[in-house]
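**Student:** Structure provided below as structure tokens; questions to follow.
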Amino acid sequence: MSKREEKNVVARNRRAFRDYDLLDRMEAGISLLGPEVKSLRDGKASLAESYATFINGNLFLCDMHIPEYEHVGYAPHEPLRPRQLLMHKRELLKLESAVTRKGFTLVPLEVYFLNGRAKVELALGKGRKRHDKRQADLKAEAIREARAATGKRR
């Protein structure tokens, strides 16, 4: 990325990598109110329990927590309100068919600013069962141990 395309990450959803098998990633814009943008620029947001869903053919990000901006004058926003995601119609139709027919879930991975605009990175994910999570944890631990062993040898 060049200097003009600097990515300023505000929030990450670390649990998504453990709870889902992530397949396809994409970027979407977020429709925000003024105080929400200011709160995001302060680095205050949480994607812990958030998800994306279709409502009347439009894509919305639900349960993303953006706390109220402290210095707002007269119009505070609701911290957990659904926020519309902005994508091309063709992409929306493709995602909607994947979510409804194939049983995938749209999981937000991170919220960031790119060229001054708020963006969210979404991924199509398939939920993991408990035994899948354990196997993924064991595999990650084996990779960590192998890296540590080769690092000590050097």
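By convention here, the chains of the structure tokens are called A, B, ... in the order presented, each chain's residues are numbered starting at 1, and ligands are numbered starting at 1 in the order presented.
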Leaving out stretch 11-23 of chain A and any residue of its chain fewer than 2 positions from it, which residues lie within 8 Å of it when counting only C-alpha atoms, given as a PyMOL selection string?
**Tutor:** chain A and resi 9+25+43-48+107-112+123-128+133+136
**Student:** Identify, on the basis of only C-alpha atoms, every residue whose closest approach to A:Ser50 does not exceed 6 Å; exclude the query and any residue fewer than 5 positions from it along the same chain; express the result as a list of chain:residue names.
**Tutor:** A:Cys62, A:Asp63, A:Met64
**Student:** Output the selection as a compact mmCIF listing (two decimals), in the first residue's frame - N, CA and C atoms for each residue.
**Tutor:**
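Done, and the output landed in selection-v4.txt:
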```
# COMPACT_ATOMS: atom_id res chain seq x y z
N CYS A 62 -25.00 -5.73 12.38
CA CYS A 62 -25.76 -5.71 13.63
C CYS A 62 -24.85 -6.01 14.82
N ASP A 63 -25.19 -5.44 15.96
CA ASP A 63 -24.51 -5.67 17.25
C ASP A 63 -23.06 -5.22 17.28
N MET A 64 -22.67 -4.30 16.41
CA MET A 64 -21.35 -3.69 16.53
C MET A 64 -21.49 -2.54 17.52
```
**Student:** What gap, in Å, lies between atom CA of A:Lys129 and atom CA of A:Ala28?
**Tutor:**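 Taking atom CA of A:Lys129 and atom CA of A:Ala28, their separation equals 28.0 Å.
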**Student:** Quick one: everything within 10 Å of stretch 75-88 of chain A, counting only C-alpha atoms, minus sequence neighbours fewer than 3 positions away in the same chain. Send it as a PDB file with N, CA and C atoms, in the first residue's frame.
**Tutor:**
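Result file selection_12.pdb:
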```
ATOM      1  N   MET A  26     -14.147  -9.738   1.720  1.00  0.00           N
ATOM      2  CA  MET A  26     -14.492  -8.577   0.912  1.00  0.00           C
ATOM      3  C   MET A  26     -14.558  -7.335   1.789  1.00  0.00           C
ATOM      4  N   GLU A  27     -14.557  -6.173   1.150  1.00  0.00           N
ATOM      5  CA  GLU A  27     -14.573  -4.896   1.845  1.00  0.00           C
ATOM      6  C   GLU A  27     -15.885  -4.185   1.559  1.00  0.00           C
ATOM      7  N   ALA A  28     -16.427  -3.515   2.573  1.00  0.00           N
ATOM      8  CA  ALA A  28     -17.664  -2.753   2.414  1.00  0.00           C
ATOM      9  C   ALA A  28     -17.539  -1.444   3.171  1.00  0.00           C
ATOM     10  N   GLY A  29     -18.215  -0.430   2.670  1.00  0.00           N
ATOM     11  CA  GLY A  29     -18.287   0.842   3.380  1.00  0.00           C
ATOM     12  C   GLY A  29     -19.373   0.768   4.442  1.00  0.00           C
ATOM     13  N   ILE A  30     -19.319   1.668   5.409  1.00  0.00           N
ATOM     14  CA  ILE A  30     -20.317   1.691   6.479  1.00  0.00           C
ATOM     15  C   ILE A  30     -20.999   3.053   6.479  1.00  0.00           C
ATOM     16  N   SER A  31     -22.310   3.054   6.590  1.00  0.00           N
ATOM     17  CA  SER A  31     -23.069   4.291   6.703  1.00  0.00           C
ATOM     18  C   SER A  31     -23.143   4.670   8.181  1.00  0.00           C
ATOM     19  N   LEU A  32     -22.456   5.762   8.551  1.00  0.00           N
ATOM     20  CA  LEU A  32     -22.354   6.165   9.952  1.00  0.00           C
ATOM     21  C   LEU A  32     -22.866   7.579  10.160  1.00  0.00           C
ATOM     22  N   LEU A  33     -23.221   7.890  11.398  1.00  0.00           N
ATOM     23  CA  LEU A  33     -23.565   9.249  11.792  1.00  0.00           C
ATOM     24  C   LEU A  33     -22.292   9.967  12.223  1.00  0.00           C
ATOM     25  N   GLY A  34     -22.331  11.285  12.289  1.00  0.00           N
ATOM     26  CA  GLY A  34     -21.161  12.078  12.639  1.00  0.00           C
ATOM     27  C   GLY A  34     -20.505  11.708  13.963  1.00  0.00           C
ATOM     28  N   PRO A  35     -21.278  11.629  15.055  1.00  0.00           N
ATOM     29  CA  PRO A  35     -20.661  11.252  16.333  1.00  0.00           C
ATOM     30  C   PRO A  35     -20.072   9.843  16.328  1.00  0.00           C
ATOM     31  N   GLU A  36     -20.652   8.937  15.519  1.00  0.00           N
ATOM     32  CA  GLU A  36     -20.111   7.587  15.415  1.00  0.00           C
ATOM     33  C   GLU A  36     -18.728   7.599  14.774  1.00  0.00           C
ATOM     34  N   ALA A  45     -14.502   0.922  19.524  1.00  0.00           N
ATOM     35  CA  ALA A  45     -15.489   0.087  18.844  1.00  0.00           C
ATOM     36  C   ALA A  45     -15.240  -1.358  19.237  1.00  0.00           C
ATOM     37  N   SER A  50     -20.705  -9.143  16.795  1.00  0.00           N
ATOM     38  CA  SER A  50     -21.367  -8.573  15.627  1.00  0.00           C
ATOM     39  C   SER A  50     -21.459  -9.570  14.476  1.00  0.00           C
ATOM     40  N   TYR A  51     -22.413  -9.304  13.601  1.00  0.00           N
ATOM     41  CA  TYR A  51     -22.640 -10.127  12.416  1.00  0.00           C
ATOM     42  C   TYR A  51     -23.309  -9.256  11.360  1.00  0.00           C
ATOM     43  N   ALA A  52     -23.277  -9.714  10.125  1.00  0.00           N
ATOM     44  CA  ALA A  52     -23.936  -8.990   9.036  1.00  0.00           C
ATOM     45  C   ALA A  52     -25.133  -9.811   8.565  1.00  0.00           C
ATOM     46  N   THR A  53     -26.221  -9.113   8.264  1.00  0.00           N
ATOM     47  CA  THR A  53     -27.433  -9.795   7.820  1.00  0.00           C
ATOM     48  C   THR A  53     -28.152  -8.959   6.763  1.00  0.00           C
ATOM     49  N   PHE A  54     -28.987  -9.623   5.991  1.00  0.00           N
ATOM     50  CA  PHE A  54     -29.764  -8.941   4.964  1.00  0.00           C
ATOM     51  C   PHE A  54     -31.144  -8.602   5.500  1.00  0.00           C
ATOM     52  N   ILE A  55     -31.542  -7.335   5.319  1.00  0.00           N
ATOM     53  CA  ILE A  55     -32.872  -6.867   5.693  1.00  0.00           C
ATOM     54  C   ILE A  55     -33.434  -6.129   4.489  1.00  0.00           C
ATOM     55  N   ASN A  58     -31.036  -5.214   1.672  1.00  0.00           N
ATOM     56  CA  ASN A  58     -29.875  -4.399   2.039  1.00  0.00           C
ATOM     57  C   ASN A  58     -29.074  -5.124   3.114  1.00  0.00           C
ATOM     58  N   LEU A  59     -27.766  -4.904   3.101  1.00  0.00           N
ATOM     59  CA  LEU A  59     -26.875  -5.555   4.053  1.00  0.00           C
ATOM     60  C   LEU A  59     -26.644  -4.640   5.247  1.00  0.00           C
ATOM     61  N   PHE A  60     -26.855  -5.177   6.461  1.00  0.00           N
ATOM     62  CA  PHE A  60     -26.686  -4.408   7.685  1.00  0.00           C
ATOM     63  C   PHE A  60     -25.715  -5.109   8.621  1.00  0.00           C
ATOM     64  N   LEU A  61     -24.931  -4.307   9.334  1.00  0.00           N
ATOM     65  CA  LEU A  61     -24.031  -4.800  10.363  1.00  0.00           C
ATOM     66  C   LEU A  61     -24.735  -4.624  11.707  1.00  0.00           C
ATOM     67  N   CYS A  62     -24.998  -5.732  12.380  1.00  0.00           N
ATOM     68  CA  CYS A  62     -25.757  -5.709  13.632  1.00  0.00           C
ATOM     69  C   CYS A  62     -24.847  -6.007  14.816  1.00  0.00           C
ATOM     70  N   ASP A  63     -25.192  -5.442  15.962  1.00  0.00           N
ATOM     71  CA  ASP A  63     -24.511  -5.666  17.248  1.00  0.00           C
ATOM     72  C   ASP A  63     -23.061  -5.216  17.278  1.00  0.00           C
ATOM     73  N   MET A  64     -22.673  -4.301  16.409  1.00  0.00           N
ATOM     74  CA  MET A  64     -21.348  -3.694  16.528  1.00  0.00           C
ATOM     75  C   MET A  64     -21.492  -2.541  17.517  1.00  0.00           C
ATOM     76  N   HIS A  65     -20.692  -2.547  18.562  1.00  0.00           N
ATOM     77  CA  HIS A  65     -20.824  -1.548  19.614  1.00  0.00           C
ATOM     78  C   HIS A  65     -19.892  -0.370  19.353  1.00  0.00           C
ATOM     79  N   ILE A  66     -20.478   0.797  19.118  1.00  0.00           N
ATOM     80  CA  ILE A  66     -19.737   2.057  19.021  1.00  0.00           C
ATOM     81  C   ILE A  66     -20.281   2.941  20.142  1.00  0.00           C
ATOM     82  N   PRO A  67     -19.483   3.176  21.189  1.00  0.00           N
ATOM     83  CA  PRO A  67     -19.999   3.971  22.315  1.00  0.00           C
ATOM     84  C   PRO A  67     -20.297   5.409  21.900  1.00  0.00           C
ATOM     85  N   GLU A  68     -21.151   6.056  22.673  1.00  0.00           N
ATOM     86  CA  GLU A  68     -21.503   7.448  22.376  1.00  0.00           C
ATOM     87  C   GLU A  68     -20.270   8.333  22.490  1.00  0.00           C
ATOM     88  N   TYR A  69     -20.166   9.288  21.589  1.00  0.00           N
ATOM     89  CA  TYR A  69     -19.060  10.242  21.614  1.00  0.00           C
ATOM     90  C   TYR A  69     -19.262  11.173  22.801  1.00  0.00           C
ATOM     91  N   GLU A  70     -18.210  11.374  23.575  1.00  0.00           N
ATOM     92  CA  GLU A  70     -18.324  12.120  24.827  1.00  0.00           C
ATOM     93  C   GLU A  70     -18.735  13.584  24.627  1.00  0.00           C
ATOM     94  N   HIS A  71     -18.265  14.220  23.579  1.00  0.00           N
ATOM     95  CA  HIS A  71     -18.467  15.658  23.405  1.00  0.00           C
ATOM     96  C   HIS A  71     -19.605  15.988  22.446  1.00  0.00           C
ATOM     97  N   VAL A  72     -20.538  15.053  22.259  1.00  0.00           N
ATOM     98  CA  VAL A  72     -21.653  15.311  21.351  1.00  0.00           C
ATOM     99  C   VAL A  72     -22.589  16.325  22.006  1.00  0.00           C
ATOM    100  N   GLU A  91     -22.410  -7.556  -5.965  1.00  0.00           N
ATOM    101  CA  GLU A  91     -21.783  -8.215  -4.814  1.00  0.00           C
ATOM    102  C   GLU A  91     -22.821  -8.604  -3.764  1.00  0.00           C
ATOM    103  N   LEU A  92     -23.801  -7.715  -3.543  1.00  0.00           N
ATOM    104  CA  LEU A  92     -24.856  -8.004  -2.577  1.00  0.00           C
ATOM    105  C   LEU A  92     -25.668  -9.236  -2.982  1.00  0.00           C
ATOM    106  N   LEU A  93     -25.999  -9.342  -4.263  1.00  0.00           N
ATOM    107  CA  LEU A  93     -26.770 -10.494  -4.731  1.00  0.00           C
ATOM    108  C   LEU A  93     -25.976 -11.788  -4.571  1.00  0.00           C
ATOM    109  N   LYS A 119     -14.423   1.643   6.708  1.00  0.00           N
ATOM    110  CA  LYS A 119     -14.654   0.403   5.970  1.00  0.00           C
ATOM    111  C   LYS A 119     -14.722  -0.749   6.954  1.00  0.00           C
ATOM    112  N   VAL A 120     -15.352  -1.834   6.516  1.00  0.00           N
ATOM    113  CA  VAL A 120     -15.378  -3.065   7.301  1.00  0.00           C
ATOM    114  C   VAL A 120     -14.977  -4.215   6.386  1.00  0.00           C
TER     115      VAL A 120
END
```
**Student:** Looking only at the backbone, which of the residues in stretch 13-151 of chain A does DSSP tag as alpha helix (DSSP H), as an MDAnalysis selection string?
**Tutor:** chainID A and resid 15:19 34:41 89:102 130:151
**Student:** Write a file of the selected residues as a CSV table (one decimal), in the first residue's frame, keeping N, CA and C atoms.
**Tutor:**
```
chain,number,residue,atom,x,y,z
A,15,ARG,N,-12.0,-13.5,17.6
A,15,ARG,CA,-12.8,-14.7,17.8
A,15,ARG,C,-13.2,-15.3,16.5
A,16,ALA,N,-13.4,-14.5,15.5
A,16,ALA,CA,-13.9,-15.0,14.2
A,16,ALA,C,-13.0,-16.1,13.6
A,17,PHE,N,-11.7,-15.9,13.8
A,17,PHE,CA,-10.7,-16.8,13.2
A,17,PHE,C,-10.8,-18.2,13.9
A,18,ARG,N,-11.2,-18.2,15.1
A,18,ARG,CA,-11.3,-19.4,15.9
A,18,ARG,C,-12.7,-20.1,15.7
A,19,ASP,N,-13.7,-19.3,15.6
A,19,ASP,CA,-15.1,-19.8,15.6
A,19,ASP,C,-15.6,-20.2,14.2
A,34,GLY,N,-22.3,11.3,12.3
A,34,GLY,CA,-21.2,12.1,12.6
A,34,GLY,C,-20.5,11.7,14.0
A,35,PRO,N,-21.3,11.6,15.1
A,35,PRO,CA,-20.7,11.3,16.3
A,35,PRO,C,-20.1,9.8,16.3
A,36,GLU,N,-20.7,8.9,15.5
A,36,GLU,CA,-20.1,7.6,15.4
A,36,GLU,C,-18.7,7.6,14.8
A,37,VAL,N,-18.6,8.4,13.8
A,37,VAL,CA,-17.3,8.5,13.1
A,37,VAL,C,-16.2,9.1,14.1
A,38,LYS,N,-16.6,10.1,14.9
A,38,LYS,CA,-15.7,10.6,15.8
A,38,LYS,C,-15.3,9.6,16.9
A,39,SER,N,-16.3,8.8,17.3
A,39,SER,CA,-16.0,7.8,18.3
A,39,SER,C,-15.1,6.7,17.7
A,40,LEU,N,-15.3,6.4,16.5
A,40,LEU,CA,-14.4,5.4,15.8
A,40,LEU,C,-13.0,5.9,15.7
A,41,ARG,N,-12.9,7.2,15.3
A,41,ARG,CA,-11.5,7.8,15.2
A,41,ARG,C,-10.8,7.8,16.5
A,89,LYS,N,-24.4,-3.7,-6.1
A,89,LYS,CA,-25.6,-4.5,-6.1
A,89,LYS,C,-25.2,-6.0,-6.5
A,90,ARG,N,-24.3,-6.1,-7.4
A,90,ARG,CA,-23.9,-7.4,-7.9
A,90,ARG,C,-23.2,-8.2,-6.8
A,91,GLU,N,-22.4,-7.6,-6.0
A,91,GLU,CA,-21.8,-8.2,-4.8
A,91,GLU,C,-22.8,-8.6,-3.8
A,92,LEU,N,-23.8,-7.7,-3.5
A,92,LEU,CA,-24.9,-8.0,-2.6
A,92,LEU,C,-25.7,-9.2,-3.0
A,93,LEU,N,-26.0,-9.3,-4.3
A,93,LEU,CA,-26.8,-10.5,-4.7
A,93,LEU,C,-26.0,-11.8,-4.6
A,94,LYS,N,-24.7,-11.7,-4.9
A,94,LYS,CA,-23.8,-12.9,-4.7
A,94,LYS,C,-23.8,-13.4,-3.3
A,95,LEU,N,-23.6,-12.4,-2.4
A,95,LEU,CA,-23.5,-12.7,-0.9
A,95,LEU,C,-24.8,-13.2,-0.4
A,96,GLU,N,-25.9,-12.6,-0.8
A,96,GLU,CA,-27.2,-13.0,-0.3
A,96,GLU,C,-27.5,-14.5,-0.7
A,97,SER,N,-27.1,-14.9,-2.0
A,97,SER,CA,-27.4,-16.2,-2.4
A,97,SER,C,-26.5,-17.2,-1.6
A,98,ALA,N,-25.3,-16.8,-1.3
A,98,ALA,CA,-24.4,-17.7,-0.5
A,98,ALA,C,-24.9,-17.9,0.9
A,99,VAL,N,-25.4,-16.8,1.5
A,99,VAL,CA,-25.9,-16.8,2.9
A,99,VAL,C,-27.2,-17.6,3.0
A,100,THR,N,-28.1,-17.4,2.0
A,100,THR,CA,-29.4,-18.1,2.1
A,100,THR,C,-29.4,-19.5,1.7
A,101,ARG,N,-28.7,-19.8,0.6
A,101,ARG,CA,-28.8,-21.2,0.0
A,101,ARG,C,-27.7,-22.1,0.6
A,102,LYS,N,-26.6,-21.6,0.8
A,102,LYS,CA,-25.5,-22.5,1.2
A,102,LYS,C,-25.2,-22.5,2.7
A,130,ARG,N,-17.4,-27.8,18.1
A,130,ARG,CA,-16.5,-27.7,19.2
A,130,ARG,C,-15.2,-28.6,18.9
A,131,HIS,N,-15.4,-29.8,18.3
A,131,HIS,CA,-14.2,-30.6,18.1
A,131,HIS,C,-13.4,-30.0,16.9
A,132,ASP,N,-14.0,-29.3,16.0
A,132,ASP,CA,-13.2,-28.6,15.0
A,132,ASP,C,-12.3,-27.5,15.6
A,133,LYS,N,-12.9,-26.8,16.6
A,133,LYS,CA,-12.1,-25.8,17.3
A,133,LYS,C,-10.9,-26.4,18.0
A,134,ARG,N,-11.1,-27.5,18.6
A,134,ARG,CA,-10.0,-28.2,19.3
A,134,ARG,C,-8.9,-28.6,18.4
A,135,GLN,N,-9.3,-29.2,17.3
A,135,GLN,CA,-8.3,-29.6,16.3
A,135,GLN,C,-7.5,-28.4,15.7
A,136,ALA,N,-8.2,-27.3,15.5
A,136,ALA,CA,-7.6,-26.1,15.0
A,136,ALA,C,-6.6,-25.6,16.0
A,137,ASP,N,-7.0,-25.6,17.3
A,137,ASP,CA,-6.1,-25.1,18.3
A,137,ASP,C,-4.9,-26.0,18.4
A,138,LEU,N,-5.0,-27.3,18.3
A,138,LEU,CA,-3.9,-28.3,18.4
A,138,LEU,C,-2.9,-28.0,17.2
A,139,LYS,N,-3.5,-27.8,16.1
A,139,LYS,CA,-2.7,-27.6,14.9
A,139,LYS,C,-1.9,-26.3,15.0
A,140,ALA,N,-2.5,-25.2,15.5
A,140,ALA,CA,-1.9,-23.9,15.7
A,140,ALA,C,-0.8,-24.1,16.7
A,141,GLU,N,-1.0,-24.8,17.8
A,141,GLU,CA,0.0,-25.0,18.8
A,141,GLU,C,1.2,-25.8,18.3
A,142,ALA,N,0.9,-26.8,17.5
A,142,ALA,CA,2.0,-27.6,16.9
A,142,ALA,C,2.9,-26.7,16.0
A,143,ILE,N,2.3,-25.8,15.2
A,143,ILE,CA,3.0,-24.9,14.4
A,143,ILE,C,3.9,-23.9,15.2
A,144,ARG,N,3.3,-23.4,16.3
A,144,ARG,CA,4.0,-22.5,17.2
A,144,ARG,C,5.2,-23.2,17.8
A,145,GLU,N,5.0,-24.5,18.3
A,145,GLU,CA,6.2,-25.3,18.8
A,145,GLU,C,7.3,-25.5,17.8
A,146,ALA,N,6.9,-25.8,16.6
A,146,ALA,CA,7.9,-26.0,15.5
A,146,ALA,C,8.7,-24.8,15.3
A,147,ARG,N,8.0,-23.6,15.2
A,147,ARG,CA,8.7,-22.4,15.0
A,147,ARG,C,9.6,-22.0,16.2
A,148,ALA,N,9.2,-22.3,17.4
A,148,ALA,CA,10.0,-22.1,18.5
A,148,ALA,C,11.2,-23.0,18.5
A,149,ALA,N,11.1,-24.2,18.1
A,149,ALA,CA,12.2,-25.2,18.1
A,149,ALA,C,13.2,-24.7,17.0
A,150,THR,N,12.8,-24.3,15.9
A,150,THR,CA,13.7,-23.9,14.8
A,150,THR,C,14.3,-22.6,15.2
A,151,GLY,N,13.6,-21.7,16.0
A,151,GLY,CA,14.2,-20.5,16.4
A,151,GLY,C,15.3,-20.6,17.4
```
